[in-house]
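final-v2.cif follows (mmCIF, C-alpha atoms):
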data_start
loop_
_atom_site.label_atom_id
_atom_site.label_comp_id
_atom_site.auth_asym_id
_atom_site.auth_seq_id
_atom_site.Cartn_x
_atom_site.Cartn_y
_atom_site.Cartn_z
CA MET A 1 0.61 78.50 60.89
CA ASN A 2 2.58 80.95 62.96
CA ASP A 3 1.76 84.61 63.39
CA ASP A 4 4.24 85.83 60.76
CA VAL A 5 2.86 83.58 58.04
CA ARG A 6 -0.70 84.47 58.99
CA ASN A 7 0.09 88.18 58.79
CA ILE A 8 1.68 87.75 55.36
CA VAL A 9 -1.34 85.82 54.06
CA LEU A 10 -3.76 88.40 55.45
CA GLY A 11 -1.66 91.19 53.92
CA VAL A 12 -1.72 89.53 50.50
CA ILE A 13 -5.50 89.03 50.74
CA ALA A 14 -6.03 92.66 51.81
CA ALA A 15 -3.83 93.90 48.94
CA GLY A 16 -5.77 91.75 46.48
CA LEU A 17 -9.11 93.04 47.76
CA SER A 18 -7.89 96.64 47.59
CA ALA A 19 -6.63 96.19 44.04
CA SER A 20 -9.89 94.55 42.97
CA LEU A 21 -11.96 97.31 44.57
CA GLY A 22 -9.79 100.00 42.96
CA TRP A 23 -10.14 98.38 39.55
CA PHE A 24 -13.92 98.12 39.98
CA VAL A 25 -14.25 101.77 40.99
CA ARG A 26 -12.04 103.00 38.14
CA THR A 27 -13.96 100.89 35.62
CA TYR A 28 -17.30 102.13 36.96
CA LEU A 29 -16.23 105.78 36.79
CA TRP A 30 -14.77 105.33 33.28
CA LYS A 31 -17.98 103.70 32.03
CA ARG A 32 -20.14 106.38 33.61
CA LYS A 33 -18.02 109.10 32.01
CA LEU A 34 -18.25 107.33 28.64
CA ARG A 35 -22.04 106.98 28.89
CA ARG A 36 -22.41 110.67 29.69
CA LYS A 37 -20.25 111.53 26.69
CA GLN A 38 -22.23 109.20 24.43
CA THR A 39 -25.50 110.71 25.66
CA PHE A 40 -24.36 114.29 25.06
CA PHE A 41 -23.18 113.56 21.52
CA GLY A 42 -25.99 111.11 20.73
CA LEU A 43 -23.44 108.42 19.90
CA PRO A 44 -24.13 105.06 21.54
CA ASP A 45 -21.85 102.10 20.82
CA ASN A 46 -21.50 101.27 17.11
CA SER A 47 -23.83 104.08 16.05
CA GLU A 48 -23.38 106.03 12.81
CA SER A 49 -22.71 109.75 12.52
CA LEU A 50 -22.32 112.22 9.70
CA LEU A 51 -19.55 114.78 9.16
CA VAL A 52 -20.69 117.43 6.67
CA VAL A 53 -17.99 119.75 5.40
CA SER A 54 -17.72 122.62 2.93
CA ARG A 55 -15.73 122.51 -0.24
CA ASP A 56 -12.90 125.01 -0.31
CA PRO A 57 -14.28 128.01 -2.27
CA ALA A 58 -10.75 129.04 -3.23
CA THR A 59 -10.36 126.10 -5.61
CA ALA A 60 -12.49 124.62 -8.36
CA ASN A 61 -11.39 121.11 -7.45
CA LEU A 62 -13.07 118.79 -4.96
CA ALA A 63 -11.02 120.01 -2.00
CA VAL A 64 -11.58 120.85 1.65
CA HIS A 65 -9.90 123.76 3.40
CA ARG A 66 -7.03 122.57 5.56
CA PHE A 67 -8.50 124.10 8.73
CA ASP A 68 -11.75 122.26 8.06
CA VAL A 69 -9.71 119.08 7.69
CA PHE A 70 -8.20 119.75 11.12
CA ALA A 71 -11.72 120.28 12.47
CA LEU A 72 -12.78 116.91 11.05
CA LEU A 73 -9.83 115.27 12.78
CA GLU A 74 -10.88 116.78 16.11
CA LEU A 75 -14.42 115.49 15.64
CA SER A 76 -13.29 112.07 14.43
CA ALA A 77 -11.36 111.59 17.67
CA LEU A 78 -14.50 112.41 19.70
CA ILE A 79 -16.58 109.99 17.65
CA LYS A 80 -14.03 107.21 18.01
CA ASP A 81 -13.86 107.74 21.78
CA CYS A 82 -17.62 107.14 21.91
CA GLY A 83 -17.25 103.83 20.06
CA ALA A 84 -19.19 105.17 17.06
CA HIS A 85 -18.51 105.48 13.34
CA ALA A 86 -18.37 108.49 11.02
CA GLN A 87 -19.14 109.12 7.38
CA ILE A 88 -17.61 112.22 5.81
CA ILE A 89 -19.51 113.92 2.97
CA THR A 90 -19.45 117.34 1.31
CA GLN A 91 -22.32 119.75 1.83
CA ASP A 92 -23.85 119.10 -1.61
CA ALA A 93 -24.13 115.35 -0.95
CA ALA A 94 -26.04 115.54 2.36
CA HIS A 95 -29.69 114.62 1.76
CA GLN A 96 -30.80 113.03 5.04
CA GLY A 97 -33.42 114.49 7.33
CA PHE A 98 -32.78 116.30 10.59
CA GLY A 99 -31.89 114.02 13.49
CA GLU A 100 -31.68 110.69 11.68
CA ARG A 101 -28.03 110.42 12.71
CA THR A 102 -25.86 112.61 14.86
CA GLU A 103 -24.51 115.25 12.50
CA PHE A 104 -21.50 117.53 12.76
CA CYS A 105 -21.80 120.33 10.20
CA VAL A 106 -18.66 122.41 9.57
CA GLY A 107 -18.44 125.63 7.56
CA GLY A 108 -20.14 128.96 6.99
CA PRO A 109 -23.47 129.32 5.16
CA GLY A 110 -21.74 130.90 2.17
CA SER A 111 -19.89 127.69 1.32
CA ASN A 112 -22.04 125.07 3.04
CA ARG A 113 -25.64 124.81 1.83
CA ARG A 114 -26.43 122.30 4.54
CA MET A 115 -25.33 124.84 7.15
CA ALA A 116 -27.43 127.54 5.48
CA ALA A 117 -30.47 125.25 5.61
CA HIS A 118 -29.97 124.47 9.31
CA ILE A 119 -29.61 128.15 10.20
CA ALA A 120 -32.65 129.18 8.16
CA ALA A 121 -34.81 126.45 9.70
CA MET A 122 -33.62 126.48 13.32
CA LEU A 123 -31.73 129.72 13.95
CA PRO A 124 -33.46 132.56 12.08
CA GLY A 125 -31.86 135.16 14.34
CA ILE A 126 -28.39 134.45 12.90
CA ARG A 127 -27.22 136.00 9.66
CA PHE A 128 -23.84 136.32 7.94
CA ASN A 129 -23.04 139.16 5.57
CA LEU A 130 -22.14 137.26 2.40
CA ASP A 131 -21.65 140.34 0.22
CA PRO A 132 -18.40 139.78 -1.72
CA GLU A 133 -17.71 143.51 -1.99
CA PRO A 134 -14.95 144.74 0.35
CA GLY A 135 -15.99 146.85 3.29
CA PRO A 136 -16.03 146.93 7.09
CA ASP A 137 -19.11 144.69 7.26
CA ARG A 138 -17.87 142.00 4.91
CA ALA A 139 -18.36 138.58 6.59
CA ALA A 140 -19.94 140.28 9.61
CA LEU A 141 -21.96 138.00 11.87
CA HIS A 142 -25.38 139.22 13.00
CA VAL A 143 -27.00 137.64 16.07
CA GLY A 144 -30.32 139.26 16.85
CA SER A 145 -29.68 142.99 17.03
CA GLU A 146 -25.92 142.61 17.54
CA ARG A 147 -23.31 142.76 14.78
CA TYR A 148 -19.83 141.27 15.06
CA ARG A 149 -17.36 142.44 12.45
CA LEU A 150 -14.47 140.37 11.19
CA GLU A 151 -10.87 141.43 11.84
CA PRO A 152 -8.91 138.65 10.07
CA GLY A 153 -6.24 137.18 12.28
CA VAL A 154 -7.12 139.48 15.18
CA THR A 155 -10.76 139.02 16.25
CA GLU A 156 -13.01 136.43 14.65
CA HIS A 157 -16.28 134.87 15.75
CA VAL A 158 -17.87 131.47 15.41
CA ILE A 159 -21.19 129.88 16.34
CA LEU A 160 -21.12 126.57 18.23
CA ALA A 161 -24.57 125.03 18.48
CA ARG A 162 -26.18 121.79 19.58
CA LEU A 163 -29.65 121.48 18.02
CA THR A 164 -32.50 119.04 18.57
CA THR A 165 -36.13 119.05 17.53
CA GLY A 166 -37.23 119.01 21.15
CA GLN A 167 -39.08 115.70 20.81
CA PRO A 168 -38.74 113.27 23.76
CA ASP A 169 -37.39 110.52 21.51
CA GLN A 170 -34.90 112.82 19.78
CA ALA A 171 -31.49 111.44 20.72
CA ARG A 172 -29.56 112.41 17.58
CA PRO A 173 -28.48 116.06 17.75
CA VAL A 174 -26.94 118.26 15.08
CA PHE A 175 -23.81 120.19 16.00
CA LEU A 176 -22.96 123.34 14.05
CA PHE A 177 -19.51 124.91 13.73
CA CYS A 178 -20.18 128.06 11.76
CA GLY A 179 -17.51 130.75 11.74
CA GLN A 180 -16.35 133.81 9.87
CA ARG A 181 -13.22 131.97 8.66
CA ALA A 182 -12.21 128.32 8.37
CA ILE A 183 -9.78 128.57 11.28
CA THR A 184 -12.67 129.54 13.56
CA ASN A 185 -14.46 126.30 12.67
CA GLN A 186 -11.48 124.36 13.97
CA ALA A 187 -11.39 126.57 17.06
CA ALA A 188 -15.03 125.70 17.79
CA THR A 189 -14.45 121.96 17.44
CA ARG A 190 -11.47 122.19 19.77
CA TYR A 191 -13.53 124.18 22.26
CA LEU A 192 -16.22 121.48 22.18
CA ALA A 193 -13.66 118.71 22.66
CA ARG A 194 -12.21 120.48 25.71
CA ASN A 195 -15.48 121.58 27.30
CA HIS A 196 -18.11 118.97 26.45
CA GLU A 197 -18.33 117.74 30.05
CA ARG A 198 -19.02 121.24 31.37
CA LEU A 199 -21.53 121.87 28.58
CA HIS A 200 -23.30 118.61 29.39
CA ARG A 201 -23.56 119.56 33.05
CA LYS A 202 -25.03 122.94 32.15
CA TYR A 203 -27.32 122.10 29.22
CA GLY A 204 -27.87 118.36 29.42
CA THR A 205 -29.19 117.17 26.05
CA SER A 206 -31.10 120.36 25.21
CA THR A 207 -30.44 122.88 22.46
CA PHE A 208 -27.85 125.58 22.99
CA VAL A 209 -26.17 128.21 20.80
CA LEU A 210 -22.89 129.77 21.90
CA LEU A 211 -21.01 132.69 20.40
CA LEU A 212 -17.25 132.23 20.66
CA LYS A 213 -14.44 134.67 19.91
CA VAL A 214 -11.13 133.49 18.47
CA VAL A 215 -8.36 135.81 19.63
CA ASN A 216 -5.26 136.61 17.56
CA SER A 217 -5.37 133.52 15.36
CA GLN A 218 -2.43 134.82 13.33
CA ALA A 219 -0.24 134.22 16.40
CA TYR A 220 -2.08 131.54 18.38
CA GLY A 221 -3.99 129.64 15.70
CA PRO A 222 -7.27 128.09 16.95
CA ASP A 223 -6.12 127.70 20.56
CA VAL A 224 -7.24 130.94 22.23
CA VAL A 225 -11.02 130.92 22.34
CA GLU A 226 -13.30 132.96 24.59
CA LEU A 227 -16.98 132.47 25.26
CA VAL A 228 -18.73 135.71 24.38
CA SER A 229 -22.24 134.69 25.45
CA ASP A 230 -25.04 132.17 25.25
CA VAL A 231 -27.13 133.45 22.35
CA THR A 232 -29.69 130.64 22.21
CA ARG A 233 -32.72 132.88 22.68
CA ALA A 234 -31.58 135.55 20.21
CA ALA A 235 -30.58 132.94 17.62
CA GLN A 236 -33.94 131.17 17.76
CA ALA A 237 -35.99 134.37 17.60
CA PRO A 238 -36.88 135.94 14.23
CA ALA A 239 -34.27 138.40 13.02
CA PRO A 240 -35.09 142.03 13.92
CA SER A 241 -36.10 144.30 11.07
CA GLY A 242 -33.92 147.25 12.09
CA PRO A 243 -30.17 147.66 11.49
CA ALA A 244 -27.91 145.61 13.73
CA GLN A 245 -25.82 147.37 16.34
CA ILE A 246 -22.07 146.88 16.45
CA SER A 247 -21.32 145.00 19.63
CA HIS A 248 -18.60 146.41 21.89
CA ARG A 249 -17.57 142.80 22.44
CA ALA A 250 -16.58 142.43 18.78
CA SER A 251 -13.41 144.46 19.18
#
Would you mind writing the file out in C-alpha cells?
Amino acid sequence: MNDDVRNIVLGVIAAGLSASLGWFVRTYLWKRKLRRKQTFFGLPDNSESLLVVSRDPATANLAVHRFDVFALLELSALIKDCGAHAQIITQDAAHQGFGERTEFCVGGPGSNRRMAAHIAAMLPGIRFNLDPEPGPDRAALHVGSERYRLEPGVTEHVILARLTTGQPDQARPVFLFCGQRAITNQAATRYLARNHERLHRKYGTSTFVLLLKVVNSQAYGPDVVELVSDVTRAAQAPAPSGPAQISHRAS
C-alpha cells in the first residue's frame, strides 16, 4: 500500500469516526433535552395526560371557544413531543383526583368549575370578579392585595401556574391557564411552549404561579406576552380582607 492509498484510507476512517461521534453527541443531547422536558411536564414515554377545557358560555351547545381550541392545539403539540397521550374533556366531566395524571386546565373560574376548584384549594390569594354587571372592575383579577383591571383588546392578564402537592413522589403536576379572556389562555399556553426550558431551569419541578400580561391582542393576537411578576407567594396566601389596590402595572 503506497502513501496515497494509506492517506485515503486513514481519511475515510477519520471521517467515519467523526460522523459517528457527532451522531452520538447529537443523540445524547437530544435525549437529555427530551428527558428534561418530560420531567418538567410530568410526561414520561406513553404516559396519559388530561386536557380540561371550558365550554363556550356564549352558546348553549356543547362548544369550546375557538381561542381555547387553539390553546389545546398548543398543548397537544407539547404532549406529543414528550411521547405521551392526551384525553380532552370538558370541565363538568373531570372527576379525577389531583395529581393522578398530568393535567392542563384551560379557562377562567367563571366557566370552568375544575379551574375554580383548583384555585380555591391551592391558590386562595387569587380571585376573579365574576359580577356580570358592567363596570370598571368587571372581570378584574385580584392577586393578594393587587387588582388588575381588564381592558379588552388592550391590556389583559392571565395566570400561568404549575402546581404540585409537594410530596416527594408527586411527579404529575397540574398546569393552569386562567385568564380574563379566552385569548389570554392561548397566550399563556404559547408562553409556556416557548419558555418551558427557562422555567425548568429556574423552578425545577416545584410549584410556581406567574402573572402574565397580554399586550394589544386586538392587533397582535396572543403573541405579545410580558411577564408581570412571580406571584407564587401572594397566590398561595389567604386573600386579604381589605379592598384590593389597583396595580400600576395593570395599565
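Residue membership of the PyMOL selection byres ((chain A and resi 140) around 9) in the shown file amounts to Arg127, Phe128, Asn129, Leu130, Pro136, Asp137, Arg138, Ala139, Leu141, His142, Arg147, Tyr148, Arg149, Leu150, His157 and Gln180 of chain A.
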Selection result for the PyMOL selection byres ((chain A and resi 178) around 6) on this file, as a PyMOL selection string:
chain A and resi 107-108+158-159+176-177+179
Apply the PyMOL selection byres ((chain A and resi 101) around 7) to the file shown and report the selected residues as an MDAnalysis selection string.
chainID A and resid 48:50 99:100 102:103 172
Two-atom distance - atom CA of Ala71 of chain A, atom CA of Met115 of chain A (Å):
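For atom CA of Ala71 of chain A relative to atom CA of Met115 of chain A, the distance reads 15.3 Å.
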Residues within 12 Å of Ala239 of chain A, please, as an mmCIF file with C-alpha atoms, keeping the file's coordinate frame. Count all atoms listed in the file; anything in the same chain fewer than 4 positions from it doesn't count.
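File result03.cif, as written:
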data_model
loop_
_atom_site.group_PDB
_atom_site.id
_atom_site.type_symbol
_atom_site.label_atom_id
_atom_site.label_comp_id
_atom_site.auth_asym_id
_atom_site.auth_seq_id
_atom_site.Cartn_x
_atom_site.Cartn_y
_atom_site.Cartn_z
ATOM 1 C CA ILE A 119 -29.610 128.150 10.200
ATOM 2 C CA ALA A 120 -32.650 129.180 8.160
ATOM 3 C CA MET A 122 -33.620 126.480 13.320
ATOM 4 C CA LEU A 123 -31.730 129.720 13.950
ATOM 5 C CA PRO A 124 -33.460 132.560 12.080
ATOM 6 C CA GLY A 125 -31.860 135.160 14.340
ATOM 7 C CA ILE A 126 -28.390 134.450 12.900
ATOM 8 C CA ARG A 127 -27.220 136.000 9.660
ATOM 9 C CA PHE A 128 -23.840 136.320 7.940
ATOM 10 C CA HIS A 142 -25.380 139.220 13.000
ATOM 11 C CA VAL A 143 -27.000 137.640 16.070
ATOM 12 C CA GLY A 144 -30.320 139.260 16.850
ATOM 13 C CA SER A 145 -29.680 142.990 17.030
ATOM 14 C CA GLU A 146 -25.920 142.610 17.540
ATOM 15 C CA ARG A 147 -23.310 142.760 14.780
ATOM 16 C CA ARG A 233 -32.720 132.880 22.680
ATOM 17 C CA ALA A 234 -31.580 135.550 20.210
ATOM 18 C CA ALA A 235 -30.580 132.940 17.620
ATOM 19 C CA PRO A 243 -30.170 147.660 11.490
ATOM 20 C CA ALA A 244 -27.910 145.610 13.730
#
Counting all atoms listed in the file, the residue of A:Gln91, A:Asn46, A:Gly135, A:Tyr203 that sits nearest Pro109 of chain A
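Looking only at the distances to Pro109 of chain A, the closest residue turns out to be A:Gln91.
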Do you know which residues are at most 12 Å from Leu34 of chain A counting only C-alpha atoms, after dropping those on the same chain fewer than 5 positions away, and could you put them as a list in words?
Thr27, Tyr28, Leu29, Thr39, Phe40, Phe41, Gly42, Leu43, Pro44, Asp45, Leu78, Ile79, Lys80, Asp81, Cys82, Gly83, Ala84, His196 and Glu197 of chain A
Tell me which of A:Ala237, A:Ala193, A:Val53, A:Ala187 sits closest to Val224 of chain A, counting all atoms listed in the file.
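Selected residue with least distance to Val224 of chain A: A:Ala187.
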Residues near Ser217 of chain A, cut-off 8 Å, all atoms listed in the file, skip fewer than 4 positions along chain, as a list in words:
Gly153, Val154, Thr155, Ile183, Gly221, Pro222, Asp223 and Val224 of chain A
Rounded to one decimal, what separation in Å do you get between atom CA of Arg32 of chain A and atom CA of Arg198 of chain A?
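Between atom CA of Arg32 of chain A and atom CA of Arg198 of chain A the gap works out to 15.1 Å.
The interatomic distance for the pair atom CA of Arg194 of chain A and atom CA of Gln96 of chain A works out to 28.8 Å.
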Considering all atoms listed in the file, return as a ChimeraX atom specification whatever protein or nucleic-acid residues lie within 8 Å of Ala182 of chain A, sequence-local ones (same chain, fewer than 3 positions apart) excluded.
/A:65,67-68,107,179,185-186
Can you take the partial segment 76-87 of chain A, add all heavy atoms, and return it as a short mmCIF file (atom, residue, chain, number, x, y, z; two decimals), in the coordinates of the input?
data_model
loop_
_atom_site.label_atom_id
_atom_site.label_comp_id
_atom_site.auth_asym_id
_atom_site.auth_seq_id
_atom_site.Cartn_x
_atom_site.Cartn_y
_atom_site.Cartn_z
N SER A 76 -13.47 113.52 14.60
CA SER A 76 -13.29 112.07 14.43
C SER A 76 -12.78 111.43 15.70
O SER A 76 -13.17 110.31 16.05
CB SER A 76 -12.34 111.80 13.26
OG SER A 76 -12.87 112.25 12.04
N ALA A 77 -11.88 112.12 16.41
CA ALA A 77 -11.36 111.59 17.67
C ALA A 77 -12.47 111.48 18.71
O ALA A 77 -12.56 110.48 19.44
CB ALA A 77 -10.24 112.48 18.18
N LEU A 78 -13.37 112.47 18.77
CA LEU A 78 -14.50 112.41 19.70
C LEU A 78 -15.41 111.23 19.38
O LEU A 78 -15.86 110.50 20.27
CB LEU A 78 -15.30 113.71 19.63
CG LEU A 78 -14.72 114.95 20.30
CD1 LEU A 78 -15.60 116.15 20.03
CD2 LEU A 78 -14.60 114.73 21.80
N ILE A 79 -15.69 111.07 18.08
CA ILE A 79 -16.58 109.99 17.65
C ILE A 79 -15.98 108.63 17.96
O ILE A 79 -16.67 107.72 18.46
CB ILE A 79 -16.89 110.14 16.15
CG1 ILE A 79 -17.68 111.43 15.90
CG2 ILE A 79 -17.65 108.93 15.62
CD1 ILE A 79 -17.77 111.82 14.44
N LYS A 80 -14.70 108.48 17.72
CA LYS A 80 -14.03 107.21 18.01
C LYS A 80 -14.05 106.92 19.50
O LYS A 80 -14.25 105.77 19.92
CB LYS A 80 -12.59 107.25 17.49
CG LYS A 80 -11.83 105.94 17.68
CD LYS A 80 -10.43 106.03 17.11
CE LYS A 80 -9.67 104.71 17.30
NZ LYS A 80 -8.29 104.78 16.75
N ASP A 81 -13.83 107.94 20.33
CA ASP A 81 -13.86 107.74 21.78
C ASP A 81 -15.21 107.23 22.26
O ASP A 81 -15.29 106.53 23.28
CB ASP A 81 -13.53 109.06 22.50
CG ASP A 81 -12.06 109.43 22.40
OD1 ASP A 81 -11.25 108.56 22.03
OD2 ASP A 81 -11.73 110.60 22.68
N CYS A 82 -16.28 107.59 21.55
CA CYS A 82 -17.62 107.14 21.91
C CYS A 82 -17.93 105.74 21.39
O CYS A 82 -19.01 105.20 21.66
CB CYS A 82 -18.67 108.12 21.37
SG CYS A 82 -18.67 109.74 22.19
N GLY A 83 -17.01 105.14 20.63
CA GLY A 83 -17.25 103.83 20.06
C GLY A 83 -18.20 103.85 18.89
O GLY A 83 -18.86 102.85 18.58
N ALA A 84 -18.29 105.01 18.20
CA ALA A 84 -19.19 105.17 17.06
C ALA A 84 -18.39 105.28 15.76
O ALA A 84 -17.16 105.27 15.76
CB ALA A 84 -20.06 106.41 17.27
N HIS A 85 -19.13 105.42 14.66
CA HIS A 85 -18.51 105.48 13.34
C HIS A 85 -18.94 106.76 12.63
O HIS A 85 -20.00 107.32 12.91
CB HIS A 85 -18.91 104.27 12.50
CG HIS A 85 -18.72 102.95 13.19
ND1 HIS A 85 -17.47 102.41 13.44
CD2 HIS A 85 -19.62 102.09 13.74
CE1 HIS A 85 -17.61 101.27 14.08
NE2 HIS A 85 -18.91 101.05 14.28
N ALA A 86 -18.10 107.23 11.71
CA ALA A 86 -18.37 108.49 11.02
C ALA A 86 -18.30 108.32 9.51
O ALA A 86 -17.47 107.56 9.00
CB ALA A 86 -17.38 109.56 11.46
N GLN A 87 -19.18 109.02 8.83
CA GLN A 87 -19.14 109.12 7.38
C GLN A 87 -18.92 110.59 7.02
O GLN A 87 -19.66 111.46 7.48
CB GLN A 87 -20.45 108.63 6.74
CG GLN A 87 -20.48 108.77 5.22
CD GLN A 87 -21.83 108.43 4.63
OE1 GLN A 87 -22.78 108.12 5.35
NE2 GLN A 87 -21.93 108.47 3.31
#
